[in-house]
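Enquirer: Below you'll find data.csv; it's CSV, C-alpha atoms and all ligand atoms.
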chain,number,residue,atom,x,y,z
I,65,MET,CA,2.3,25.7,23.6
I,66,ALA,CA,5.0,23.1,23.5
I,67,GLY,CA,8.5,24.5,24.2
I,68,SER,CA,11.5,22.9,22.4
I,69,ASN,CA,12.4,21.2,25.7
I,70,SER,CA,8.9,19.6,26.1
I,71,GLN,CA,8.5,15.9,26.1
I,72,PHE,CA,7.7,14.4,22.7
I,73,GLU,CA,4.3,13.2,24.1
I,74,THR,CA,3.5,16.8,24.8
I,75,LYS,CA,4.8,18.1,21.5
I,76,VAL,CA,2.6,15.8,19.4
I,77,ILE,CA,-0.4,17.4,21.0
I,78,HIS,CA,0.7,21.1,20.9
I,79,ALA,CA,3.5,21.5,18.3
I,80,GLY,CA,2.9,24.1,15.7
I,81,GLU,CA,0.2,25.9,17.7
I,82,THR,CA,-2.5,24.5,15.5
I,83,SER,CA,-5.6,25.8,17.4
I,84,ASP,CA,-7.6,28.5,15.7
I,85,ALA,CA,-6.8,32.0,17.1
I,86,ALA,CA,-9.9,33.5,15.6
I,87,THR,CA,-12.5,31.2,17.2
I,88,GLY,CA,-10.5,29.4,19.9
I,89,ALA,CA,-11.3,26.1,18.2
I,90,VAL,CA,-8.9,23.5,19.6
I,91,MET,CA,-8.4,21.9,16.2
I,92,PRO,CA,-7.8,24.0,13.1
I,93,PRO,CA,-10.7,24.5,10.7
I,94,ILE,CA,-10.5,22.6,7.4
I,95,VAL,CA,-10.2,25.5,4.9
I,96,THR,CA,-11.4,24.2,1.6
I,97,SER,CA,-11.2,27.5,-0.3
I,98,THR,CA,-8.8,27.3,-3.2
I,99,THR,CA,-8.4,31.1,-3.4
I,100,PHE,CA,-8.2,34.0,-1.0
I,101,GLU,CA,-9.4,37.6,-1.5
I,102,TRP,CA,-6.7,40.3,-1.9
I,103,GLU,CA,-6.9,43.4,0.3
I,104,ALA,CA,-6.4,45.5,-2.8
I,105,LEU,CA,-4.4,45.1,-6.1
I,106,GLY,CA,-0.8,44.5,-5.1
I,107,GLN,CA,-1.8,43.5,-1.6
I,108,PRO,CA,-2.4,39.8,-1.3
I,109,ARG,CA,-3.1,38.3,2.2
I,110,GLU,CA,-1.0,35.6,3.8
I,111,HIS,CA,-2.6,32.9,1.5
I,112,ILE,CA,-3.2,33.4,-2.2
I,113,TYR,CA,-4.0,30.1,-3.8
I,114,THR,CA,-4.1,26.6,-2.1
I,115,ARG,CA,-1.5,25.1,-4.4
I,116,SER,CA,1.0,27.4,-2.8
I,117,SER,CA,-0.3,27.5,0.7
I,118,ASN,CA,-3.4,26.7,2.7
I,119,PRO,CA,-4.2,27.4,6.4
I,120,THR,CA,-5.0,23.7,7.2
I,121,ARG,CA,-1.9,22.4,5.4
I,122,ASP,CA,0.2,25.1,7.1
I,123,ALA,CA,-1.0,23.9,10.5
I,124,LEU,CA,0.2,20.4,9.7
I,125,GLU,CA,3.5,21.7,8.3
I,126,ARG,CA,4.2,23.8,11.4
I,127,CYS,CA,3.5,20.8,13.6
I,128,VAL,CA,5.8,18.4,11.7
I,129,ALA,CA,8.6,21.0,11.3
I,130,GLU,CA,8.6,21.3,15.1
I,131,LEU,CA,8.5,17.5,15.7
I,132,GLU,CA,11.4,16.9,13.4
I,133,SER,CA,13.4,19.9,14.8
I,134,GLY,CA,13.3,21.5,11.4
I,135,VAL,CA,12.7,25.1,10.2
I,136,ARG,CA,10.1,24.2,7.6
I,137,ALA,CA,7.9,21.3,6.5
I,138,LEU,CA,6.1,20.8,3.2
I,139,ALA,CA,3.2,18.4,2.8
I,140,TYR,CA,2.6,16.5,-0.5
I,141,ALA,CA,-0.1,14.3,-2.0
I,142,SER,CA,1.8,11.1,-1.1
I,143,GLY,CA,5.2,9.9,0.1
I,144,GLN,CA,6.2,9.4,-3.5
I,145,ALA,CA,5.3,13.0,-4.4
I,146,ALA,CA,7.5,14.1,-1.5
I,147,SER,CA,10.4,12.0,-2.8
I,148,ALA,CA,9.9,13.3,-6.3
I,149,GLY,CA,10.0,16.9,-4.9
I,150,ILE,CA,13.4,16.2,-3.4
I,151,LEU,CA,14.8,14.9,-6.7
I,152,ASP,CA,13.4,18.0,-8.4
I,153,LEU,CA,16.2,19.9,-6.5
I,154,LEU,CA,18.8,18.2,-8.7
I,155,ASP,CA,20.1,19.4,-12.1
I,156,ALA,CA,20.2,16.9,-15.0
I,157,GLY,CA,23.4,14.9,-14.8
I,158,SER,CA,23.5,14.7,-11.0
I,159,HIS,CA,24.4,11.5,-9.3
I,160,VAL,CA,22.6,10.1,-6.3
I,161,ILE,CA,23.7,7.4,-3.8
I,162,ALA,CA,20.8,5.3,-2.6
I,163,PRO,CA,20.5,2.2,-0.4
I,164,LEU,CA,20.7,-1.3,-1.9
I,165,ASP,CA,17.6,-2.3,0.0
I,166,PHE,CA,14.9,0.3,0.4
I,167,TYR,CA,11.2,0.8,-0.4
I,168,GLY,CA,10.5,-0.6,-3.8
I,169,GLY,CA,8.4,2.3,-4.9
I,170,THR,CA,11.2,4.8,-4.2
I,171,ARG,CA,13.6,2.6,-6.1
I,172,ARG,CA,11.1,2.5,-9.1
I,173,LEU,CA,10.8,6.3,-9.0
I,174,PHE,CA,14.6,6.6,-9.1
I,175,ASP,CA,15.5,3.8,-11.5
I,176,GLN,CA,12.5,3.7,-13.9
I,177,VAL,CA,11.4,7.4,-13.9
I,178,ARG,CA,14.1,9.9,-12.9
I,179,ARG,CA,17.0,8.0,-14.6
I,180,ARG,CA,15.1,8.3,-17.9
I,181,VAL,CA,13.3,11.6,-17.7
I,182,GLY,CA,15.4,13.5,-15.2
I,183,ALA,CA,18.8,12.3,-16.5
I,184,LEU,CA,19.9,11.4,-13.0
I,185,ASP,CA,22.3,8.7,-12.2
I,186,PHE,CA,22.0,6.3,-9.2
I,187,THR,CA,24.3,4.0,-7.4
I,188,TRP,CA,22.9,1.5,-4.9
I,189,VAL,CA,25.1,1.1,-1.9
I,190,ASP,CA,25.0,-1.0,1.3
I,191,MET,CA,24.5,2.0,3.7
I,192,THR,CA,25.4,-0.1,6.7
I,193,ASP,CA,29.0,0.4,5.6
I,194,PRO,CA,29.9,4.2,5.6
I,195,ALA,CA,33.1,3.4,3.8
I,196,ALA,CA,31.1,2.0,0.8
I,197,VAL,CA,29.2,5.4,0.7
I,198,ALA,CA,32.5,7.3,0.8
I,199,ALA,CA,33.8,5.1,-2.1
I,200,ALA,CA,30.7,5.8,-4.2
I,201,ILE,CA,31.0,9.6,-4.1
I,202,ARG,CA,31.8,11.1,-7.5
I,203,PRO,CA,32.3,14.8,-8.6
I,204,LYS,CA,28.6,14.8,-9.7
I,205,THR,CA,27.2,13.3,-6.6
I,206,LYS,CA,24.6,15.7,-5.1
I,207,LEU,CA,22.5,13.6,-2.8
I,208,VAL,CA,22.8,10.6,-0.5
I,209,TRP,CA,19.4,9.1,0.1
I,210,ILE,CA,19.1,7.2,3.4
I,211,GLU,CA,16.3,5.0,4.6
I,212,THR,CA,16.7,3.7,8.1
I,213,PRO,CA,15.5,1.3,9.2
I,214,THR,CA,15.0,0.0,5.6
I,215,ASN,CA,11.9,-1.4,4.1
I,216,PRO,CA,11.7,-4.4,4.3
I,217,LEU,CA,15.0,-5.8,5.7
I,218,LEU,CA,15.3,-3.3,8.6
I,219,LYS,CA,18.9,-2.5,8.1
I,220,VAL,CA,20.1,0.4,10.2
I,221,THR,CA,22.3,3.2,8.8
I,222,ASP,CA,24.5,5.4,10.9
I,223,ILE,CA,23.0,8.8,10.0
I,224,ALA,CA,25.7,10.9,11.7
I,225,ALA,CA,28.5,8.9,10.0
I,226,ILE,CA,27.0,9.3,6.5
I,227,VAL,CA,26.3,13.0,7.1
I,228,ALA,CA,29.9,13.5,8.0
I,229,ILE,CA,31.1,11.9,4.8
I,230,ALA,CA,28.5,13.8,2.6
I,231,ARG,CA,29.4,17.2,4.2
I,232,GLN,CA,33.1,16.8,3.3
I,233,HIS,CA,31.9,16.6,-0.3
I,234,LYS,CA,29.1,19.3,0.0
I,235,VAL,CA,26.6,16.6,-0.8
I,236,LEU,CA,23.0,16.8,0.6
I,237,THR,CA,21.6,14.0,2.8
I,238,CYS,CA,18.0,13.0,2.9
I,239,VAL,CA,16.6,10.5,5.4
I,240,ASP,CA,13.3,8.6,4.8
I,241,ASN,CA,12.1,8.5,8.4
I,242,THR,CA,8.8,6.8,7.7
I,243,PHE,CA,9.6,3.6,9.7
I,244,ALA,CA,11.0,5.4,12.8
I,245,THR,CA,9.0,8.7,12.9
I,246,PRO,CA,10.4,11.6,14.9
I,247,CYS,CA,9.1,9.8,18.0
I,248,LEU,CA,12.1,7.4,17.7
I,249,GLN,CA,14.7,9.2,15.6
I,250,ARG,CA,15.2,12.8,14.5
I,251,PRO,CA,17.7,12.9,11.6
I,252,LEU,CA,18.0,16.7,11.4
I,253,GLU,CA,19.4,16.7,14.9
I,254,LEU,CA,22.1,14.3,13.5
I,255,GLY,CA,23.0,16.8,10.8
I,256,ALA,CA,20.8,15.5,7.8
I,257,ASP,CA,19.6,18.2,5.4
I,258,ILE,CA,16.1,16.7,4.6
I,259,VAL,CA,13.8,14.3,6.3
I,260,MET,CA,11.1,12.6,4.2
I,261,HIS,CA,8.0,10.8,5.3
I,262,SER,CA,5.2,8.8,3.9
I,263,ALA,CA,2.6,10.4,6.1
I,264,THR,CA,0.3,7.5,4.9
I,265,LYS,CA,2.0,5.3,7.5
I,266,TYR,CA,2.5,6.2,11.2
I,267,PHE,CA,1.6,9.9,11.0
I,268,GLY,CA,-1.9,9.2,9.6
I,269,GLY,CA,-1.9,6.0,11.5
I,270,HIS,CA,-5.4,4.8,10.6
I,271,SER,CA,-5.1,3.6,6.9
I,272,ASP,CA,-7.4,6.3,5.7
I,273,VAL,CA,-5.2,9.0,4.2
I,274,LEU,CA,-2.3,9.2,1.7
I,275,GLY,CA,0.3,11.9,2.2
I,276,GLY,CA,4.0,12.8,2.2
I,277,ILE,CA,6.0,15.3,4.1
I,278,ASN,CA,9.5,16.8,3.7
I,279,VAL,CA,11.2,18.7,6.5
I,280,VAL,CA,14.4,20.8,6.2
I,281,ALA,CA,16.8,22.4,8.6
I,282,ASP,CA,17.7,25.3,6.3
I,283,ALA,CA,15.2,28.0,5.2
I,284,GLU,CA,16.7,28.4,1.8
I,285,LEU,CA,16.3,24.7,1.0
I,286,GLY,CA,12.7,25.0,2.2
I,287,ARG,CA,12.2,28.0,-0.1
I,288,GLN,CA,13.5,26.0,-3.1
I,289,LEU,CA,11.3,22.9,-2.2
I,290,HIS,CA,8.3,25.2,-1.8
I,291,LEU,CA,8.9,26.8,-5.2
I,292,LEU,CA,9.3,23.4,-6.9
I,293,ARG,CA,6.2,22.0,-5.2
I,294,SER,CA,4.1,25.1,-6.2
I,295,ALA,CA,5.4,24.6,-9.7
I,296,SER,CA,4.6,20.9,-10.0
I,297,GLY,CA,1.5,20.9,-7.9
I,298,GLY,CA,1.6,17.6,-5.9
I,299,VAL,CA,0.3,19.2,-2.7
I,300,LEU,CA,-1.6,17.6,0.2
I,301,GLY,CA,-5.3,18.8,0.2
I,302,PRO,CA,-6.9,20.4,3.2
I,303,PHE,CA,-9.1,17.4,4.3
I,304,ASP,CA,-6.1,15.1,4.1
I,305,SER,CA,-3.9,17.6,5.9
I,306,TYR,CA,-6.5,17.7,8.7
I,307,LEU,CA,-6.5,13.8,8.9
I,308,VAL,CA,-2.7,13.6,9.2
I,309,LEU,CA,-2.6,16.3,11.9
I,310,ARG,CA,-5.4,14.5,13.8
I,311,GLY,CA,-3.4,11.2,13.5
I,312,ILE,CA,-0.2,12.9,14.8
I,313,LYS,CA,-2.0,13.8,18.1
I,314,THR,CA,-1.8,10.1,19.1
I,315,LEU,CA,1.5,9.3,17.5
I,316,ALA,CA,3.5,9.0,20.7
I,317,LEU,CA,0.9,6.7,22.3
I,318,ARG,CA,0.6,4.5,19.3
I,319,MET,CA,4.3,4.2,18.8
I,320,GLU,CA,4.8,3.0,22.3
I,321,ARG,CA,2.4,0.1,21.7
I,322,HIS,CA,3.6,-0.6,18.2
I,323,CYS,CA,7.2,-1.0,19.5
I,324,SER,CA,6.3,-3.1,22.6
I,325,ASN,CA,4.1,-5.5,20.6
I,326,ALA,CA,6.7,-5.7,17.8
I,327,LEU,CA,9.6,-6.5,20.2
I,328,ALA,CA,7.6,-9.2,21.9
I,329,ILE,CA,6.6,-10.7,18.5
I,330,ALA,CA,10.2,-10.6,17.2
I,331,GLN,CA,11.4,-12.4,20.4
I,332,HIS,CA,8.6,-15.0,20.0
I,333,LEU,CA,9.3,-15.7,16.3
I,334,GLU,CA,13.1,-15.9,17.0
I,335,LYS,CA,12.4,-19.1,19.0
I,336,HIS,CA,9.8,-20.5,16.7
I,337,PRO,CA,10.7,-23.8,14.9
I,338,ARG,CA,9.0,-22.8,11.6
I,339,VAL,CA,10.9,-19.5,11.4
I,340,ALA,CA,14.3,-19.5,9.7
I,341,ARG,CA,15.3,-15.9,10.4
I,342,VAL,CA,13.9,-12.8,12.1
I,343,TYR,CA,14.7,-9.2,11.1
I,344,TYR,CA,14.2,-6.7,13.9
I,345,PRO,CA,16.6,-4.0,15.1
I,346,GLY,CA,15.6,-4.6,18.7
I,347,LEU,CA,17.0,-8.1,18.8
I,348,PRO,CA,20.6,-8.5,20.1
I,349,ALA,CA,21.2,-10.8,17.1
I,350,HIS,CA,20.4,-8.0,14.6
I,351,PRO,CA,23.7,-6.9,13.0
I,352,GLN,CA,23.2,-3.2,13.8
I,353,HIS,CA,21.5,-3.7,17.2
I,354,ALA,CA,24.1,-1.5,19.0
I,355,LEU,CA,23.7,1.3,16.5
I,356,ALA,CA,19.9,1.1,16.6
I,357,LYS,CA,20.1,1.3,20.4
I,358,ARG,CA,22.2,4.5,20.1
I,359,GLN,CA,20.4,6.1,17.3
I,360,MET,CA,16.7,5.3,18.0
I,361,GLY,CA,14.5,5.7,21.0
I,362,SER,CA,13.0,2.3,20.4
I,363,PHE,CA,13.0,-0.1,17.5
I,364,GLY,CA,9.7,0.4,15.6
I,365,GLY,CA,6.6,-1.6,14.7
I,366,ILE,CA,7.8,-3.6,11.7
I,367,VAL,CA,9.1,-7.2,12.0
I,368,CYS,CA,10.2,-9.3,9.1
I,369,PHE,CA,10.9,-13.0,9.1
I,370,GLU,CA,11.7,-15.9,6.7
I,371,ILE,CA,9.4,-18.8,7.1
I,372,ARG,CA,10.8,-22.3,6.6
I,373,GLY,CA,9.5,-23.8,3.3
I,374,ASP,CA,8.6,-22.7,-0.2
I,375,ALA,CA,6.0,-20.3,-1.7
I,376,ALA,CA,3.2,-22.6,-0.6
I,377,ALA,CA,4.3,-22.2,3.0
I,378,VAL,CA,4.1,-18.4,2.7
I,379,GLY,CA,0.7,-18.6,1.1
I,380,GLY,CA,-0.6,-21.1,3.7
I,381,PHE,CA,0.6,-18.9,6.6
I,382,LEU,CA,-0.8,-15.6,5.2
I,383,ASN,CA,-4.1,-17.2,4.2
I,384,ARG,CA,-4.6,-18.7,7.7
I,385,LEU,CA,-4.1,-15.3,9.5
I,386,GLN,CA,-7.2,-14.0,11.2
I,387,VAL,CA,-6.3,-11.0,13.3
I,388,PHE,CA,-3.5,-9.8,10.9
I,389,THR,CA,-4.9,-8.6,7.6
I,390,VAL,CA,-3.0,-9.5,4.4
I,391,ALA,CA,-2.6,-6.1,2.7
I,392,GLU,CA,-0.1,-3.6,1.4
I,393,SER,CA,1.1,-0.7,3.5
I,394,LEU,CA,2.1,-0.4,7.2
I,395,GLY,CA,2.1,1.9,10.2
I,396,ALA,CA,-1.6,1.9,11.1
I,397,VAL,CA,-3.5,0.7,14.2
I,398,GLU,CA,-4.3,-2.6,12.7
I,399,SER,CA,-1.8,-5.4,12.1
I,400,LEU,CA,-0.9,-6.2,8.5
I,401,ALA,CA,1.1,-8.9,6.9
I,402,GLY,CA,2.5,-9.4,3.4
I,403,GLN,CA,5.1,-10.9,1.2
I,404,PRO,CA,7.4,-8.1,0.0
I,405,ALA,CA,8.5,-10.1,-3.1
I,406,THR,CA,5.0,-10.0,-4.6
I,407,MET,CA,3.6,-6.9,-2.8
I,408,SER,CA,5.6,-3.9,-1.6
I,409,HIS,CA,8.7,-4.8,-3.7
I,410,SER,CA,6.9,-6.3,-6.8
I,411,SER,CA,8.0,-3.3,-8.9
I,412,VAL,CA,11.7,-4.3,-8.4
I,413,PRO,CA,12.9,-6.8,-11.1
I,414,THR,CA,13.3,-10.3,-9.7
I,415,ASP,CA,17.1,-10.5,-10.0
I,416,GLU,CA,17.5,-7.0,-8.5
I,417,ARG,CA,15.2,-8.0,-5.7
I,418,ARG,CA,17.2,-11.1,-4.9
I,419,LYS,CA,20.4,-9.0,-4.9
I,420,MET,CA,18.7,-6.8,-2.4
I,421,GLY,CA,18.3,-9.9,-0.2
I,422,ILE,CA,14.5,-10.1,-0.4
I,423,ALA,CA,13.7,-13.8,-0.6
I,424,GLU,CA,10.4,-15.3,-1.6
I,425,ASN,CA,9.9,-16.7,1.9
I,426,LEU,CA,10.3,-13.2,3.5
I,427,ILE,CA,7.2,-12.0,5.3
I,428,ARG,CA,6.7,-8.5,6.6
I,429,LEU,CA,4.5,-7.8,9.6
I,430,SER,CA,3.3,-4.3,10.4
I,431,VAL,CA,2.5,-4.8,14.0
I,432,GLY,CA,-0.5,-2.9,15.1
I,433,ILE,CA,-1.8,-1.8,18.5
I,434,GLU,CA,-4.1,-4.8,19.2
I,435,GLY,CA,-3.7,-6.9,22.3
I,436,LEU,CA,-0.4,-8.8,22.3
I,437,GLN,CA,-1.8,-12.2,23.3
I,438,ASP,CA,-4.3,-12.1,20.3
I,439,LEU,CA,-1.5,-11.3,17.9
I,440,LEU,CA,0.8,-14.0,19.2
I,441,ALA,CA,-2.0,-16.6,19.1
I,442,ASP,CA,-2.9,-15.6,15.6
I,443,LEU,CA,0.7,-16.0,14.4
I,444,ASP,CA,1.0,-19.3,16.2
I,445,GLN,CA,-2.1,-20.8,14.7
I,446,ALA,CA,-1.1,-19.6,11.2
I,447,LEU,CA,2.4,-21.1,11.7
I,448,LEU,CA,0.6,-24.3,12.6
I,449,THR,CA,2.0,-24.5,16.1
I,450,PRO,CA,0.5,-27.6,17.7
W,501,LIG,C1,9.7,3.7,3.6
W,501,LIG,C2,8.7,4.2,2.6
W,501,LIG,N1,8.9,5.4,2.0
W,501,LIG,C3,8.0,5.9,1.1
W,501,LIG,C4,6.8,5.3,0.8
W,501,LIG,C5,5.9,5.9,-0.2
W,501,LIG,O1,4.8,6.5,0.4
W,501,LIG,P1,3.4,6.6,-0.2
W,501,LIG,O2,2.8,5.3,-0.4
W,501,LIG,O3,2.7,7.5,0.8
W,501,LIG,O4,3.6,7.3,-1.6
W,501,LIG,C6,6.5,4.1,1.5
W,501,LIG,C7,5.3,3.3,1.1
W,501,LIG,O5,5.1,2.2,1.5
W,501,LIG,C8,7.5,3.5,2.4
W,501,LIG,O6,7.3,2.4,3.0
Now that the file is in, can you turn its structure into structure tokens?

Expert:
Amino acid sequence: MAGSNSQFETKVIHAGETSDAATGAVMPPIVTSTTFEWEALGQPREHIYTRSSNPTRDALERCVAELESGVRALAYASGQAASAGILDLLDAGSHVIAPLDFYGGTRRLFDQVRRRVGALDFTWVDMTDPAAVAAAIRPKTKLVWIETPTNPLLKVTDIAAIVAIARQHKVLTCVDNTFATPCLQRPLELGADIVMHSATKYFGGHSDVLGGINVVADAELGRQLHLLRSASGGVLGPFDSYLVLRGIKTLALRMERHCSNALAIAQHLEKHPRVARVYYPGLPAHPQHALAKRQMGSFGGIVCFEIRGDAAAVGGFLNRLQVFTVAESLGAVESLAGQPATMSHSSVPTDERRKMGIAENLIRLSVGIEGLQDLLADLDQALLTP
């Protein structure tokens, strides 16, 4: 068993006591049953129906709750389903403050779905400026949505500062912790109410499972989210729960390599003549570098840069890559590269995207755990370094 004082590397292996008490199996069984026999009428057992709870999903949820220092975690069919589950907490007419630059799919859910069918109102704010968040709060504001570091521009938000402002107004705070993972940053310890994850990324870690997880610091909030998830039904299935739990066992080890490779690549690109600008919180030139150093254990595995030249330069670079794969998504063992404007953020209208600061020549790298020299050589040959 991992105590609360254990090292994170120990916790990822043992958190949640996920071994099977009945058989001694070190990994929990994948319980595929959708329904569970009652002892007698009026006497259900611990599990009733898999949409409400399932032993394999419970094992994952116990593990992630402990890793994030929360009291309860809830696993969903995707990161988007987890985000939708949080918005389900809000009554019609509620106002939400969200970042100017964040994952395009979350913005689409907020702007194109919940504004229309949920009667929610959203204001996009530069979250690197806590005063801007304070100024955006209205009587109907119920939630501040933080993503830090942001996708794709890697802006860093001062979680504790925003929490302090939100609390004064009895407003909930949620942090999308997908990029940092609890290995690098634990928002509930900084006072946030909810942590949200796309488990598809670093938790799963192998590009083979889609999932989402919310973690809360308060049991009543957990009860409400559970009720809403049972009602709407977007749960994570038992096979997928198992895969995410399996991935988490190596999270600490993988994050170490993701972070060291990413820092070395960011430093290399910063000096490269074909690179106009590098975005990485681990570089002293990053505007929130000091905050990132204070708030995060390390700086993560995502590096973005603007290549000198036009769309053809972007296409040429991406098409020449051989070790990096051109694909959507991030956070897995293999290195991926993409153009946010036409890939991860294509659902954001062009003028909005430009306002967010996402230029056509921006390239996002999800740095994997391959050998560093191979990755640097691949970038150099694709950048046409003589
Ligand atoms: C920061 C962030 N949040 C949420 C999501 C959505 O997660 P999913 O694709 O699992 O629905 C993504 C997906 O790329 C993401 O990058």

Enquirer: Around ligand LIG 501 (chain W), at most 6 Å away and counting all atoms listed in the file, which residues are there? Put them as a PDB file with C-alpha atoms, keeping the file's coordinate frame, please.

Expert:
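Final output, saved to part_3.pdb:
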ATOM      1  CA  SER I 142       1.800  11.100  -1.100  1.00  0.00           C
ATOM      2  CA  GLY I 143       5.200   9.900   0.100  1.00  0.00           C
ATOM      3  CA  GLN I 144       6.200   9.400  -3.500  1.00  0.00           C
ATOM      4  CA  TYR I 167      11.200   0.800  -0.400  1.00  0.00           C
ATOM      5  CA  ASN I 215      11.900  -1.400   4.100  1.00  0.00           C
ATOM      6  CA  THR I 242       8.800   6.800   7.700  1.00  0.00           C
ATOM      7  CA  SER I 262       5.200   8.800   3.900  1.00  0.00           C
ATOM      8  CA  THR I 264       0.300   7.500   4.900  1.00  0.00           C
ATOM      9  CA  LEU I 274      -2.300   9.200   1.700  1.00  0.00           C
ATOM     10  CA  GLY I 275       0.300  11.900   2.200  1.00  0.00           C
ATOM     11  CA  GLY I 276       4.000  12.800   2.200  1.00  0.00           C
ATOM     12  CA  SER I 393       1.100  -0.700   3.500  1.00  0.00           C
TER      13      SER I 393
END

Enquirer: Could you please determine the separation between CA of Ala85 in chain I and CA of Ser97 in chain I in Å, to one decimal place?

Expert: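 Computing it gives 18.5 Å between the two atoms.
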
Enquirer: With only C-alpha atoms counted and 12 Å as the cut-off, give the residues of range 309-379 of chain I in contact with range 169-192 of chain I, each with its shortest interatomic distance in Å and the pair that gives it, as JSON lines.

Expert:
{"residue": "I:Pro351", "atom": "CA", "partner": "I:Thr192", "partner_atom": "CA", "distance": 9.4}
{"residue": "I:Gln352", "atom": "CA", "partner": "I:Thr192", "partner_atom": "CA", "distance": 8.1}
{"residue": "I:His353", "atom": "CA", "partner": "I:Thr192", "partner_atom": "CA", "distance": 11.8}
{"residue": "I:Leu355", "atom": "CA", "partner": "I:Thr192", "partner_atom": "CA", "distance": 10.0}
{"residue": "I:Ala356", "atom": "CA", "partner": "I:Thr192", "partner_atom": "CA", "distance": 11.4}

Enquirer: Would you kindly return, as a PyMOL selection string, each protein, DNA or RNA residue with an atom no farther than 10 Å from any atom of His290 in chain I, considering only C-alpha atoms and excluding same-chain residues fewer than 5 positions away?

Expert: chain I and resi 116-117+136-139+149+284-285+295-296

Enquirer: Quick one: everything within 8 Å of Gly346 in chain I, counting all atoms listed in the file, minus sequence neighbours fewer than 4 positions away in the same chain. Send it as a PDB file with C-alpha atoms, in the frame of the given file.

Expert:
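Resulting contents of selection_9.pdb:
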ATOM      1  CA  LEU I 327       9.600  -6.500  20.200  1.00  0.00           C
ATOM      2  CA  HIS I 350      20.400  -8.000  14.600  1.00  0.00           C
ATOM      3  CA  HIS I 353      21.500  -3.700  17.200  1.00  0.00           C
ATOM      4  CA  ALA I 356      19.900   1.100  16.600  1.00  0.00           C
ATOM      5  CA  LYS I 357      20.100   1.300  20.400  1.00  0.00           C
ATOM      6  CA  SER I 362      13.000   2.300  20.400  1.00  0.00           C
ATOM      7  CA  PHE I 363      13.000  -0.100  17.500  1.00  0.00           C
TER       8      PHE I 363
END

Enquirer: Once you count all atoms listed in the file, what closest atom pair and distance in Å to one decimal does each residue of range 216-331 of chain I within 12 Å of range 87-92 of chain I have, with rows by chain and rising residue number, as a tab-separated table?

Expert:
residue	atom	partner	partner_atom	distance
I:Pro302	CA	I:Pro92	CA	10.6
I:Phe303	CA	I:Pro92	CA	11.1
I:Ser305	CA	I:Pro92	CA	10.4
I:Tyr306	CA	I:Pro92	CA	7.8
I:Leu307	CA	I:Met91	CA	11.1
I:Leu309	CA	I:Met91	CA	9.1
I:Arg310	CA	I:Met91	CA	8.3
I:Lys313	CA	I:Met91	CA	10.5

Enquirer: Skip range 103-113 of chain I itself and residues of its chain fewer than 5 positions away, then list as number ranges by chain all residues within 12 Å of it, counting all atoms listed in the file.

Expert: I: 95-98, 118-122, 294, 297, 299

Enquirer: If you count all atoms listed in the file, which residues fall within 6 Å of range 414-430 of chain I, apart from same-chain ones fewer than 2 positions away, as a list in words?

Expert: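 Once the nearby chain positions are removed, what remains is Leu164, Asp165, Ile366, Val367, Cys368, Phe369, Glu370, Ile371, Leu394, Ser399, Leu400, Ala401, Gly402, Gln403, Ala405 and Val412 of chain I.
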
Enquirer: I'd like to know which of I:His336, I:His233, I:His261, I:Arg287 is closest to Ile210 in chain I, using all atoms listed in the file.

Expert: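 Residue with the minimum atom-to-atom distance to Ile210 in chain I: I:His261.
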
Enquirer: For Tyr344 in chain I, which residue among I:Leu217, I:Val308, I:Val378, I:Ala199 is the nearest when counting all atoms listed in the file?

Expert: I:Leu217

Enquirer: What does the structure give for the distance between CA of Arg318 in chain I and CA of Gln359 in chain I, in Å to one decimal?

Expert: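 These two atoms are separated by 20.0 Å.
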
Enquirer: Show me the residues around (3.7, 7.9, 25.9) - criterion: an atom at most 6 Å away, all atoms listed in the file counted - as a list in words.

Expert: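 Output: Glu73, Ala316 and Leu317 of chain I.
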
Enquirer: Go ahead and compute the interatomic distance for CA of Tyr266 in chain I and CA of Leu291 in chain I, in Å to one decimal.

Expert: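 Atom-to-atom, CA of Tyr266 in chain I to CA of Leu291 in chain I, that is 27.1 Å.
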
Enquirer: Give as a PyMOL selection string each residue that has an atom at most 12 Å from (7.3, 19.2, 24.3) in the file, counting all atoms listed in the file.

Expert: chain I and resi 65-81+127+130-133+247+316

Enquirer: Counting all atoms listed in the file, figure out which residue out of I:Ala349, I:Val220, I:Leu439, I:Ala146 gets nearest to Val279 in chain I.

Expert: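 Answer, going by the shortest atom-to-atom distance: I:Ala146.
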
Enquirer: Ranking I:Val339, I:Leu218, I:Ile226, I:Leu151 by minimum distance to Ala198 in chain I and counting all atoms listed in the file, which one comes first?

Expert: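 For Ala198 in chain I, the nearest of the candidates is I:Ile226.
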
Enquirer: Counting all atoms listed in the file, which residue out of I:Gly435, I:Pro194, I:Gly380, I:Gly301 sits closest to Thr114 in chain I?

Expert: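 Looking at the shortest contact to Thr114 in chain I, the residue is I:Gly301.
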